[in-house]
Amino acid sequence: MLDIKIIRENPDLIKQNCQNRLAEIDIDKLLALDEQRREVLAKIDDLRAKRNASSKTKPTPEIIVEMKSVGEEIKKLEEKVEPIESEFKELLLRVPNLTHPDVFVSQNEEDNPVVEIVKKPKKMDFEPLDHVQLGEKMDLIDFDRATKVSGAKFYYLKNELAVLEFALIQYALATAMKHKFIPFSTPDLAKREVLEGLGFNPRGESTQIYNVENSDLSLIGTAEISMGGYHMNELLDEADLPKKYIAVSHCFRTEAGSYSKFSKGMFRVHQFTKIEMFQYVTPETSEKAHQEILSIEKEIFNGLEVPYRIVDHCTADLGGPSIRTYDLEAWMPGKPNKEEKMGDWAEITSTSNCTDYQARGLNIKYKSKEGKVDYLHMLNGTAIAVGRALIAIMENNQQKDGSIIIPKALQKYCGFKKITRK
RNA sequence: GGAGAGGUGGCAGAGCGGUUGAAUGCGUCAGUCUUGAAAACUGAAGUCCCCUUAAAAGGAUCGCGAGUUCGAAUCUCGCCCUCUCCGCCA
């Protein structure tokens, strides 16, 4: 969450920021609620001071009577603040983070500037199949039985593709570990307070999150949740920063109301495996850490030999906690673009600098060498989202006969160089 | 799932209705001493809220939430978590 003090002191800036980011939040109402709650809280504090003072001396019968009424007054005021407080908090949680000054301001979500086309798509001298067709032809994915067992937007990986999932995991872990990231395998469920602290809204109307019945647990949509919650309510030492983690988890998303035409097959599903980078850093180093995560993402996808480009989210497309987000978009020859032609760029990774927004929500601080205590900065970034990486590899590396060449970097982890069928 | 014990400051650990924000030890920081360090001695020190240019004052905080009471770390209830034993299980 954002610091209420910043909102109090810069209401116009915050309003403009909300507008740029398509966040419809009534800041005036938030500030009015803030004022109201502080006013009542001040009264409560005064009454409590009175009570505390009296309970330090021996109580006379008269004082006991007087304090009894003070107690009732306090209770009344507490009941009065309660709804104000909860409405205030609910509103505050929805205010997005500030925005990095270099982010392109646009209210159109499609306006993400392309920073760099790192590897261009290669021309194919045959009509490429999409990953669904390839999966069927080479017996690698079973959508129909997944639908039978689990419903729409699930899949079974089969044969070489099942092995490739684990090869991708190992490759992603190994690459990040070269950069001193500590490997993790995480819980796939997390408590509501963790989700909320990180800026996810598990019970909102259009939530992407599955909740577990009769509990306050949710299925995580990303290991950002399990790794972001990892240091909740902790005070870290600056000497121990940065904390660099690389985590494997399953990810679950309801994908309520999402398109199907442009998200065919394995592209947008309810469950997938993802390897995620996460960093806890000092405020001064978070921009550098963000660039580091981006550069590791590039290293990983250079190794996978996939054509890709980098985009820098515009204000309209930024998630609430992030001040800046870069995506890697891979070229997918089997994905139709808006003009219905085959081949389009599609998001395969995303890295965000969430500065102190999540740290404030989860109460994670660090103690500097000088002894100062402050919220630290938190960043996340995809190493590999397995499903989408597989799509990119399959569609770009397919041969005319439907066989698929495995990138060299993966061969030592999966033990084969090509997927072929007689 | 059943039985028992327990959750107190950075850590360990007292306190079990009123002057306790909390003994004591360890650790941390500053000072004295020392060429320097260690030891010893002296002193400082939690976090959050509110109000402030600042300081001071005030409030909250002893797992979380509710209750009893003039007054709760201390009593009651609910929840969460940890440990020991039993059962079950990959």
# chains A, B, ... in the order shown; residues from 1 in each chain; ligands from 1
>>> closest_atom_pairs(of="chain B", to="chain A", cutoff="7 Å", atoms="only C-alpha atoms (C1' of nucleotides)", output="JSON lines")
{"residue": "B:G18", "atom": "C1'", "partner": "A:Ser55", "partner_atom": "CA", "distance": 6.6}
{"residue": "B:U19", "atom": "C1'", "partner": "A:Lys56", "partner_atom": "CA", "distance": 6.4}
{"residue": "B:C50", "atom": "C1'", "partner": "A:Ala42", "partner_atom": "CA", "distance": 6.6}
{"residue": "B:G58", "atom": "C1'", "partner": "A:Ala49", "partner_atom": "CA", "distance": 6.8}
{"residue": "B:G59", "atom": "C1'", "partner": "A:Asp45", "partner_atom": "CA", "distance": 4.9}
{"residue": "B:C70", "atom": "C1'", "partner": "A:Ile64", "partner_atom": "CA", "distance": 4.1}
{"residue": "B:G71", "atom": "C1'", "partner": "A:Ser55", "partner_atom": "CA", "distance": 5.5}
>>> write_last_selection(atoms="N, CA and C atoms (P, O5', C5', C4', C3', O3' and C1' of nucleotides)", output="CSV table (one decimal), in the first residue's frame")
chain,number,residue,atom,x,y,z
B,18,G,P,-1.0,-6.1,40.3
B,18,G,O5',-1.0,-4.5,40.1
B,18,G,C5',-0.7,-4.0,38.8
B,18,G,C4',-1.2,-2.6,38.7
B,18,G,C3',-0.4,-1.6,39.5
B,18,G,O3',0.1,-0.7,38.5
B,18,G,C1',-2.7,-1.3,39.9
B,19,U,P,1.4,-0.5,37.9
B,19,U,O5',1.6,1.0,38.3
B,19,U,C5',2.4,1.8,37.4
B,19,U,C4',3.5,2.5,38.2
B,19,U,C3',4.6,1.7,38.8
B,19,U,O3',5.5,1.3,37.8
B,19,U,C1',3.9,3.2,40.4
B,50,C,P,-0.6,9.3,12.0
B,50,C,O5',-1.0,10.3,13.2
B,50,C,C5',-2.4,10.4,13.5
B,50,C,C4',-2.6,11.2,14.7
B,50,C,C3',-1.9,12.6,14.6
B,50,C,O3',-2.8,13.5,14.0
B,50,C,C1',-1.3,11.6,16.7
B,58,G,P,3.3,12.1,29.0
B,58,G,O5',2.1,11.8,28.0
B,58,G,C5',0.8,12.4,28.3
B,58,G,C4',-0.2,12.2,27.1
B,58,G,C3',-0.4,10.7,26.7
B,58,G,O3',-1.2,10.0,27.6
B,58,G,C1',-0.1,12.0,24.8
B,59,G,P,-0.9,8.5,27.9
B,59,G,O5',-1.5,7.8,26.6
B,59,G,C5',-2.9,8.0,26.2
B,59,G,C4',-3.1,7.4,24.9
B,59,G,C3',-2.7,5.9,24.7
B,59,G,O3',-3.6,5.0,25.3
B,59,G,C1',-1.9,7.2,22.9
B,70,C,P,-16.3,-1.5,37.1
B,70,C,O5',-15.1,-0.5,36.7
B,70,C,C5',-15.5,0.7,36.1
B,70,C,C4',-14.2,1.6,36.1
B,70,C,C3',-13.0,1.0,35.6
B,70,C,O3',-12.9,1.1,34.2
B,70,C,C1',-12.5,2.0,37.7
B,71,G,P,-12.5,-0.1,33.4
B,71,G,O5',-10.9,-0.3,33.8
B,71,G,C5',-10.0,0.7,33.3
B,71,G,C4',-8.6,0.4,33.9
B,71,G,C3',-8.1,-1.0,33.7
B,71,G,O3',-7.5,-1.0,32.4
B,71,G,C1',-7.8,-0.4,35.9
>>> select_by_dssp(residues="range 92-301 of chain A", states="alpha helix (DSSP H)", output="short mmCIF file (atom, residue, chain, number, x, y, z; two decimals) with C-alpha atoms, in the first residue's frame")
data_model
loop_
_atom_site.label_atom_id
_atom_site.label_comp_id
_atom_site.auth_asym_id
_atom_site.auth_seq_id
_atom_site.Cartn_x
_atom_site.Cartn_y
_atom_site.Cartn_z
CA LEU A 92 -6.15 2.95 0.72
CA LEU A 93 -5.32 -0.59 -0.40
CA ARG A 94 -6.64 0.22 -3.83
CA HIS A 131 1.24 -25.35 -30.67
CA VAL A 132 -2.16 -27.00 -30.38
CA GLN A 133 -1.77 -28.62 -33.78
CA LEU A 134 1.83 -29.54 -33.05
CA GLY A 135 0.84 -30.97 -29.70
CA GLU A 136 -1.72 -33.16 -31.36
CA LYS A 137 0.46 -34.22 -34.28
CA PHE A 143 -6.42 -30.93 -23.83
CA ASP A 144 -9.52 -33.10 -24.19
CA ARG A 145 -8.86 -35.36 -21.28
CA ALA A 146 -7.81 -32.40 -19.16
CA THR A 147 -11.20 -30.88 -19.90
CA LYS A 148 -12.85 -34.15 -18.92
CA VAL A 149 -10.98 -34.29 -15.63
CA SER A 150 -10.62 -30.62 -14.66
CA GLU A 160 8.87 -35.21 -24.38
CA LEU A 161 6.92 -32.11 -23.37
CA ALA A 162 6.39 -33.48 -19.85
CA VAL A 163 10.14 -33.92 -19.60
CA LEU A 164 10.77 -30.46 -21.02
CA GLU A 165 8.83 -28.88 -18.17
CA PHE A 166 11.45 -30.16 -15.76
CA ALA A 167 14.29 -29.28 -18.11
CA LEU A 168 13.02 -25.69 -18.21
CA ILE A 169 12.83 -25.61 -14.44
CA GLN A 170 16.39 -26.83 -14.08
CA TYR A 171 17.65 -24.47 -16.75
CA ALA A 172 15.95 -21.47 -15.13
CA LEU A 173 17.22 -22.36 -11.66
CA ALA A 174 20.74 -22.93 -12.92
CA THR A 175 20.84 -19.65 -14.81
CA ALA A 176 19.60 -17.58 -11.87
CA MET A 177 21.89 -19.44 -9.48
CA LYS A 178 24.83 -18.28 -11.58
CA ARG A 192 -5.27 -13.68 2.63
CA GLU A 193 -3.19 -11.18 4.60
CA VAL A 194 -0.18 -12.00 2.44
CA LEU A 195 -2.11 -11.48 -0.77
CA GLU A 196 -3.56 -8.21 0.49
CA GLY A 197 -0.25 -6.92 1.75
CA ALA A 223 5.45 -17.31 -6.56
CA GLU A 224 5.66 -13.54 -6.11
CA ILE A 225 3.09 -14.22 -3.39
CA SER A 226 4.92 -16.98 -1.58
CA MET A 227 8.30 -15.27 -1.90
CA GLY A 228 6.94 -11.81 -1.14
CA SER A 286 16.13 -1.19 -6.63
CA GLU A 287 16.50 0.29 -10.12
CA LYS A 288 19.75 -1.54 -10.58
CA ALA A 289 18.15 -4.75 -9.32
CA HIS A 290 15.31 -4.28 -11.79
CA GLN A 291 17.79 -4.04 -14.65
CA GLU A 292 19.56 -7.13 -13.35
CA ILE A 293 16.37 -9.16 -13.39
CA LEU A 294 15.59 -7.95 -16.90
CA SER A 295 19.06 -8.89 -18.08
CA ILE A 296 18.73 -12.40 -16.62
CA GLU A 297 15.42 -12.80 -18.41
CA LYS A 298 17.20 -11.88 -21.62
CA GLU A 299 20.00 -14.32 -20.86
CA ILE A 300 17.47 -17.09 -20.33
CA PHE A 301 15.60 -16.44 -23.55
#
>>> residues_around(residues="Gln398 in chain A", least_positions_apart="4", cutoff="12 Å", atoms="only C-alpha atoms (C1' of nucleotides)", output="PyMOL selection string")
chain A and resi 122+124-131+133-135+137-138+306+332-334+390-394+402-407+418-420
>>> write_last_selection(atoms="C-alpha atoms", output="compact mmCIF listing (two decimals), in the first residue's frame")
# COMPACT_ATOMS: atom_id res chain seq x y z
CA LYS A 122 13.01 -15.90 -38.74
CA MET A 124 9.65 -19.88 -42.37
CA ASP A 125 9.42 -21.49 -45.78
CA PHE A 126 6.32 -23.46 -44.88
CA GLU A 127 3.00 -22.81 -43.24
CA PRO A 128 3.70 -23.10 -39.48
CA LEU A 129 1.37 -25.01 -37.19
CA ASP A 130 0.30 -23.59 -33.89
CA HIS A 131 1.24 -25.35 -30.67
CA GLN A 133 -1.77 -28.62 -33.78
CA LEU A 134 1.83 -29.54 -33.05
CA GLY A 135 0.84 -30.97 -29.70
CA LYS A 137 0.46 -34.22 -34.28
CA MET A 138 3.39 -35.14 -32.05
CA VAL A 306 13.43 -17.68 -29.15
CA MET A 332 4.62 -16.92 -31.66
CA PRO A 333 4.16 -17.98 -35.29
CA GLY A 334 0.94 -19.82 -34.47
CA LEU A 390 6.95 -24.23 -24.42
CA ILE A 391 4.62 -22.57 -26.91
CA ALA A 392 7.40 -20.29 -28.08
CA ILE A 393 9.89 -23.12 -28.40
CA MET A 394 7.47 -25.44 -30.20
CA GLY A 402 6.15 -31.20 -37.38
CA SER A 403 9.28 -32.28 -35.56
CA ILE A 404 10.67 -29.84 -33.03
CA ILE A 405 14.31 -28.97 -32.41
CA ILE A 406 15.29 -28.55 -28.79
CA PRO A 407 17.47 -25.52 -27.94
CA LYS A 418 14.70 -33.21 -31.22
CA ILE A 419 11.12 -34.35 -30.92
CA THR A 420 10.21 -36.56 -33.88
>>> select_by_dssp(residues="range 142-342 of chain A", states="strand (DSSP E)", output="ChimeraX atom specification")
/A:142,156-157,182-185,189-191,217-219,235-237,243-252,271-281,308-312,324-336,342
>>> residues_around(residues="Tyr308 in chain A", least_positions_apart="3", cutoff="12 Å", atoms="only C-alpha atoms (C1' of nucleotides)", output="number ranges by chain")
A: 114-122, 297-305, 311, 327-333, 344-349, 389, 392-393, 396
>>> atom_distance(atom1="C1' of C79 in chain B", atom2="C1' of G67 in chain B")
14.4 Å
>>> atom_distance(atom1="CA of Phe88 in chain A", atom2="CA of Asp26 in chain A")
11.0 Å
>>> decode(residues="range 28-51 of chain B", atoms="N, CA and C atoms (P, O5', C5', C4', C3', O3' and C1' of nucleotides)", output="PDB file, in the first residue's frame")
ATOM      1  P     U B  28      27.787  -7.576  20.158  1.00  0.00           P
ATOM      2  O5'   U B  28      26.719  -6.453  19.789  1.00  0.00           O
ATOM      3  C5'   U B  28      26.028  -6.488  18.544  1.00  0.00           C
ATOM      4  C4'   U B  28      25.138  -5.285  18.408  1.00  0.00           C
ATOM      5  C3'   U B  28      25.814  -3.944  18.629  1.00  0.00           C
ATOM      6  O3'   U B  28      26.511  -3.515  17.465  1.00  0.00           O
ATOM      7  C1'   U B  28      23.761  -3.987  19.817  1.00  0.00           C
ATOM      8  P     C B  29      27.902  -2.761  17.637  1.00  0.00           P
ATOM      9  O5'   C B  29      27.468  -1.293  18.072  1.00  0.00           O
ATOM     10  C5'   C B  29      26.687  -0.493  17.191  1.00  0.00           C
ATOM     11  C4'   C B  29      26.200   0.740  17.925  1.00  0.00           C
ATOM     12  C3'   C B  29      27.279   1.538  18.648  1.00  0.00           C
ATOM     13  O3'   C B  29      27.988   2.392  17.772  1.00  0.00           O
ATOM     14  C1'   C B  29      25.430   1.237  20.094  1.00  0.00           C
ATOM     15  P     A B  30      29.508   2.783  18.153  1.00  0.00           P
ATOM     16  O5'   A B  30      29.325   3.809  19.366  1.00  0.00           O
ATOM     17  C5'   A B  30      28.794   5.099  19.124  1.00  0.00           C
ATOM     18  C4'   A B  30      28.690   5.856  20.423  1.00  0.00           C
ATOM     19  C3'   A B  30      29.977   5.970  21.226  1.00  0.00           C
ATOM     20  O3'   A B  30      30.824   7.001  20.757  1.00  0.00           O
ATOM     21  C1'   A B  30      28.217   5.329  22.660  1.00  0.00           C
ATOM     22  P     G B  31      32.409   6.893  21.051  1.00  0.00           P
ATOM     23  O5'   G B  31      32.506   7.089  22.622  1.00  0.00           O
ATOM     24  C5'   G B  31      32.348   8.378  23.194  1.00  0.00           C
ATOM     25  C4'   G B  31      32.336   8.272  24.703  1.00  0.00           C
ATOM     26  C3'   G B  31      33.642   7.858  25.356  1.00  0.00           C
ATOM     27  O3'   G B  31      34.544   8.935  25.473  1.00  0.00           O
ATOM     28  C1'   G B  31      31.847   6.671  26.339  1.00  0.00           C
ATOM     29  P     U B  32      36.106   8.634  25.577  1.00  0.00           P
ATOM     30  O5'   U B  32      36.251   7.979  27.016  1.00  0.00           O
ATOM     31  C5'   U B  32      36.101   8.778  28.186  1.00  0.00           C
ATOM     32  C4'   U B  32      36.365   7.943  29.419  1.00  0.00           C
ATOM     33  C3'   U B  32      37.713   7.241  29.443  1.00  0.00           C
ATOM     34  O3'   U B  32      38.735   8.108  29.907  1.00  0.00           O
ATOM     35  C1'   U B  32      36.005   5.711  30.055  1.00  0.00           C
ATOM     36  P     C B  33      40.151   8.124  29.183  1.00  0.00           P
ATOM     37  O5'   C B  33      40.770   6.727  29.595  1.00  0.00           O
ATOM     38  C5'   C B  33      41.055   6.428  30.964  1.00  0.00           C
ATOM     39  C4'   C B  33      41.345   4.951  31.105  1.00  0.00           C
ATOM     40  C3'   C B  33      42.407   4.411  30.152  1.00  0.00           C
ATOM     41  O3'   C B  33      43.718   4.654  30.649  1.00  0.00           O
ATOM     42  C1'   C B  33      40.527   2.966  30.144  1.00  0.00           C
ATOM     43  P     U B  34      44.835   5.252  29.689  1.00  0.00           P
ATOM     44  O5'   U B  34      45.037   4.069  28.646  1.00  0.00           O
ATOM     45  C5'   U B  34      45.611   2.826  29.059  1.00  0.00           C
ATOM     46  C4'   U B  34      45.675   1.874  27.895  1.00  0.00           C
ATOM     47  C3'   U B  34      46.290   2.431  26.610  1.00  0.00           C
ATOM     48  O3'   U B  34      47.708   2.412  26.660  1.00  0.00           O
ATOM     49  C1'   U B  34      44.300   1.257  26.088  1.00  0.00           C
ATOM     50  P     U B  35      48.500   3.644  26.130  1.00  0.00           P
ATOM     51  O5'   U B  35      48.292   3.613  24.551  1.00  0.00           O
ATOM     52  C5'   U B  35      48.610   4.766  23.764  1.00  0.00           C
ATOM     53  C4'   U B  35      48.637   4.383  22.298  1.00  0.00           C
ATOM     54  C3'   U B  35      47.432   3.590  21.821  1.00  0.00           C
ATOM     55  O3'   U B  35      46.364   4.446  21.452  1.00  0.00           O
ATOM     56  C1'   U B  35      49.429   2.518  21.095  1.00  0.00           C
ATOM     57  P     G B  36      44.898   4.021  21.866  1.00  0.00           P
ATOM     58  O5'   G B  36      44.591   2.767  20.941  1.00  0.00           O
ATOM     59  C5'   G B  36      44.262   2.950  19.553  1.00  0.00           C
ATOM     60  C4'   G B  36      44.169   1.626  18.860  1.00  0.00           C
ATOM     61  C3'   G B  36      43.135   0.651  19.422  1.00  0.00           C
ATOM     62  O3'   G B  36      41.841   0.920  18.918  1.00  0.00           O
ATOM     63  C1'   G B  36      45.167  -0.486  19.106  1.00  0.00           C
ATOM     64  P     A B  37      40.561   0.654  19.847  1.00  0.00           P
ATOM     65  O5'   A B  37      40.580  -0.928  20.063  1.00  0.00           O
ATOM     66  C5'   A B  37      39.991  -1.789  19.074  1.00  0.00           C
ATOM     67  C4'   A B  37      40.355  -3.217  19.335  1.00  0.00           C
ATOM     68  C3'   A B  37      39.658  -3.878  20.521  1.00  0.00           C
ATOM     69  O3'   A B  37      38.340  -4.289  20.202  1.00  0.00           O
ATOM     70  C1'   A B  37      41.953  -4.435  20.527  1.00  0.00           C
ATOM     71  P     A B  38      37.214  -4.301  21.341  1.00  0.00           P
ATOM     72  O5'   A B  38      37.662  -5.513  22.275  1.00  0.00           O
ATOM     73  C5'   A B  38      37.569  -6.865  21.818  1.00  0.00           C
ATOM     74  C4'   A B  38      38.196  -7.789  22.820  1.00  0.00           C
ATOM     75  C3'   A B  38      37.578  -7.734  24.219  1.00  0.00           C
ATOM     76  O3'   A B  38      36.440  -8.564  24.314  1.00  0.00           O
ATOM     77  C1'   A B  38      39.932  -7.578  24.386  1.00  0.00           C
ATOM     78  P     A B  39      35.212  -8.127  25.239  1.00  0.00           P
ATOM     79  O5'   A B  39      35.828  -8.126  26.705  1.00  0.00           O
ATOM     80  C5'   A B  39      36.188  -9.366  27.326  1.00  0.00           C
ATOM     81  C4'   A B  39      36.911  -9.079  28.622  1.00  0.00           C
ATOM     82  C3'   A B  39      36.137  -8.220  29.618  1.00  0.00           C
ATOM     83  O3'   A B  39      35.248  -9.005  30.392  1.00  0.00           O
ATOM     84  C1'   A B  39      38.329  -7.365  29.384  1.00  0.00           C
ATOM     85  P     A B  40      33.831  -8.399  30.861  1.00  0.00           P
ATOM     86  O5'   A B  40      34.257  -7.238  31.860  1.00  0.00           O
ATOM     87  C5'   A B  40      34.886  -7.553  33.108  1.00  0.00           C
ATOM     88  C4'   A B  40      35.353  -6.284  33.769  1.00  0.00           C
ATOM     89  C3'   A B  40      34.296  -5.204  33.928  1.00  0.00           C
ATOM     90  O3'   A B  40      33.481  -5.420  35.056  1.00  0.00           O
ATOM     91  C1'   A B  40      36.248  -4.249  33.011  1.00  0.00           C
ATOM     92  P     C B  41      31.938  -5.088  35.013  1.00  0.00           P
ATOM     93  O5'   C B  41      31.928  -3.498  35.133  1.00  0.00           O
ATOM     94  C5'   C B  41      32.455  -2.864  36.300  1.00  0.00           C
ATOM     95  C4'   C B  41      32.698  -1.405  36.028  1.00  0.00           C
ATOM     96  C3'   C B  41      31.474  -0.622  35.542  1.00  0.00           C
ATOM     97  O3'   C B  41      30.627  -0.257  36.608  1.00  0.00           O
ATOM     98  C1'   C B  41      33.340  -0.084  34.190  1.00  0.00           C
ATOM     99  P     U B  42      29.067  -0.115  36.368  1.00  0.00           P
ATOM    100  O5'   U B  42      28.975   1.238  35.541  1.00  0.00           O
ATOM    101  C5'   U B  42      29.350   2.476  36.140  1.00  0.00           C
ATOM    102  C4'   U B  42      29.222   3.597  35.141  1.00  0.00           C
ATOM    103  C3'   U B  42      27.877   3.684  34.421  1.00  0.00           C
ATOM    104  O3'   U B  42      26.885   4.324  35.205  1.00  0.00           O
ATOM    105  C1'   U B  42      29.627   3.902  32.842  1.00  0.00           C
ATOM    106  P     G B  43      25.368   3.856  35.060  1.00  0.00           P
ATOM    107  O5'   G B  43      24.987   4.356  33.590  1.00  0.00           O
ATOM    108  C5'   G B  43      24.742   5.734  33.335  1.00  0.00           C
ATOM    109  C4'   G B  43      24.789   6.023  31.865  1.00  0.00           C
ATOM    110  C3'   G B  43      23.610   5.534  31.026  1.00  0.00           C
ATOM    111  O3'   G B  43      22.474   6.366  31.150  1.00  0.00           O
ATOM    112  C1'   G B  43      25.639   5.109  29.880  1.00  0.00           C
ATOM    113  P     A B  44      21.033   5.766  30.779  1.00  0.00           P
ATOM    114  O5'   A B  44      21.117   5.646  29.186  1.00  0.00           O
ATOM    115  C5'   A B  44      21.209   6.829  28.381  1.00  0.00           C
ATOM    116  C4'   A B  44      21.261   6.443  26.923  1.00  0.00           C
ATOM    117  C3'   A B  44      20.063   5.635  26.425  1.00  0.00           C
ATOM    118  O3'   A B  44      18.987   6.489  26.082  1.00  0.00           O
ATOM    119  C1'   A B  44      22.068   4.626  25.676  1.00  0.00           C
ATOM    120  P     A B  45      17.500   5.949  26.271  1.00  0.00           P
ATOM    121  O5'   A B  45      17.363   4.898  25.087  1.00  0.00           O
ATOM    122  C5'   A B  45      17.465   5.318  23.728  1.00  0.00           C
ATOM    123  C4'   A B  45      17.629   4.118  22.832  1.00  0.00           C
ATOM    124  C3'   A B  45      16.510   3.097  22.928  1.00  0.00           C
ATOM    125  O3'   A B  45      15.431   3.472  22.097  1.00  0.00           O
ATOM    126  C1'   A B  45      18.585   1.988  23.025  1.00  0.00           C
ATOM    127  P     G B  46      13.917   3.036  22.534  1.00  0.00           P
ATOM    128  O5'   G B  46      13.542   2.044  21.350  1.00  0.00           O
ATOM    129  C5'   G B  46      14.548   1.256  20.720  1.00  0.00           C
ATOM    130  C4'   G B  46      13.878   0.117  20.014  1.00  0.00           C
ATOM    131  C3'   G B  46      12.788   0.548  19.055  1.00  0.00           C
ATOM    132  O3'   G B  46      13.326   0.845  17.788  1.00  0.00           O
ATOM    133  C1'   G B  46      11.970  -1.161  20.471  1.00  0.00           C
ATOM    134  P     U B  47      12.705   2.037  16.937  1.00  0.00           P
ATOM    135  O5'   U B  47      11.294   1.471  16.473  1.00  0.00           O
ATOM    136  C5'   U B  47      11.218   0.325  15.620  1.00  0.00           C
ATOM    137  C4'   U B  47       9.794  -0.134  15.509  1.00  0.00           C
ATOM    138  C3'   U B  47       8.784   0.952  15.150  1.00  0.00           C
ATOM    139  O3'   U B  47       8.782   1.232  13.760  1.00  0.00           O
ATOM    140  C1'   U B  47       7.940  -0.326  16.948  1.00  0.00           C
ATOM    141  P     C B  48       8.395   2.689  13.273  1.00  0.00           P
ATOM    142  O5'   C B  48       6.820   2.734  13.504  1.00  0.00           O
ATOM    143  C5'   C B  48       5.964   1.878  12.764  1.00  0.00           C
ATOM    144  C4'   C B  48       4.568   1.957  13.309  1.00  0.00           C
ATOM    145  C3'   C B  48       3.970   3.353  13.379  1.00  0.00           C
ATOM    146  O3'   C B  48       3.480   3.788  12.124  1.00  0.00           O
ATOM    147  C1'   C B  48       3.559   2.244  15.408  1.00  0.00           C
ATOM    148  P     C B  49       3.390   5.346  11.842  1.00  0.00           P
ATOM    149  O5'   C B  49       2.126   5.786  12.719  1.00  0.00           O
ATOM    150  C5'   C B  49       0.833   5.267  12.433  1.00  0.00           C
ATOM    151  C4'   C B  49      -0.158   5.826  13.426  1.00  0.00           C
ATOM    152  C3'   C B  49      -0.188   7.341  13.538  1.00  0.00           C
ATOM    153  O3'   C B  49      -0.944   7.918  12.487  1.00  0.00           O
ATOM    154  C1'   C B  49      -0.158   6.411  15.702  1.00  0.00           C
ATOM    155  P     C B  50      -0.560   9.348  11.964  1.00  0.00           P
ATOM    156  O5'   C B  50      -1.032  10.285  13.152  1.00  0.00           O
ATOM    157  C5'   C B  50      -2.416  10.367  13.493  1.00  0.00           C
ATOM    158  C4'   C B  50      -2.564  11.216  14.730  1.00  0.00           C
ATOM    159  C3'   C B  50      -1.923  12.589  14.648  1.00  0.00           C
ATOM    160  O3'   C B  50      -2.773  13.502  13.966  1.00  0.00           O
ATOM    161  C1'   C B  50      -1.336  11.580  16.689  1.00  0.00           C
ATOM    162  P     C B  51      -2.133  14.614  13.039  1.00  0.00           P
ATOM    163  O5'   C B  51      -1.535  15.625  14.098  1.00  0.00           O
ATOM    164  C5'   C B  51      -2.378  16.229  15.068  1.00  0.00           C
ATOM    165  C4'   C B  51      -1.546  17.012  16.034  1.00  0.00           C
ATOM    166  C3'   C B  51      -0.475  17.882  15.396  1.00  0.00           C
ATOM    167  O3'   C B  51      -1.028  19.089  14.902  1.00  0.00           O
ATOM    168  C1'   C B  51       0.456  16.703  17.214  1.00  0.00           C
TER     169        C B  51
END
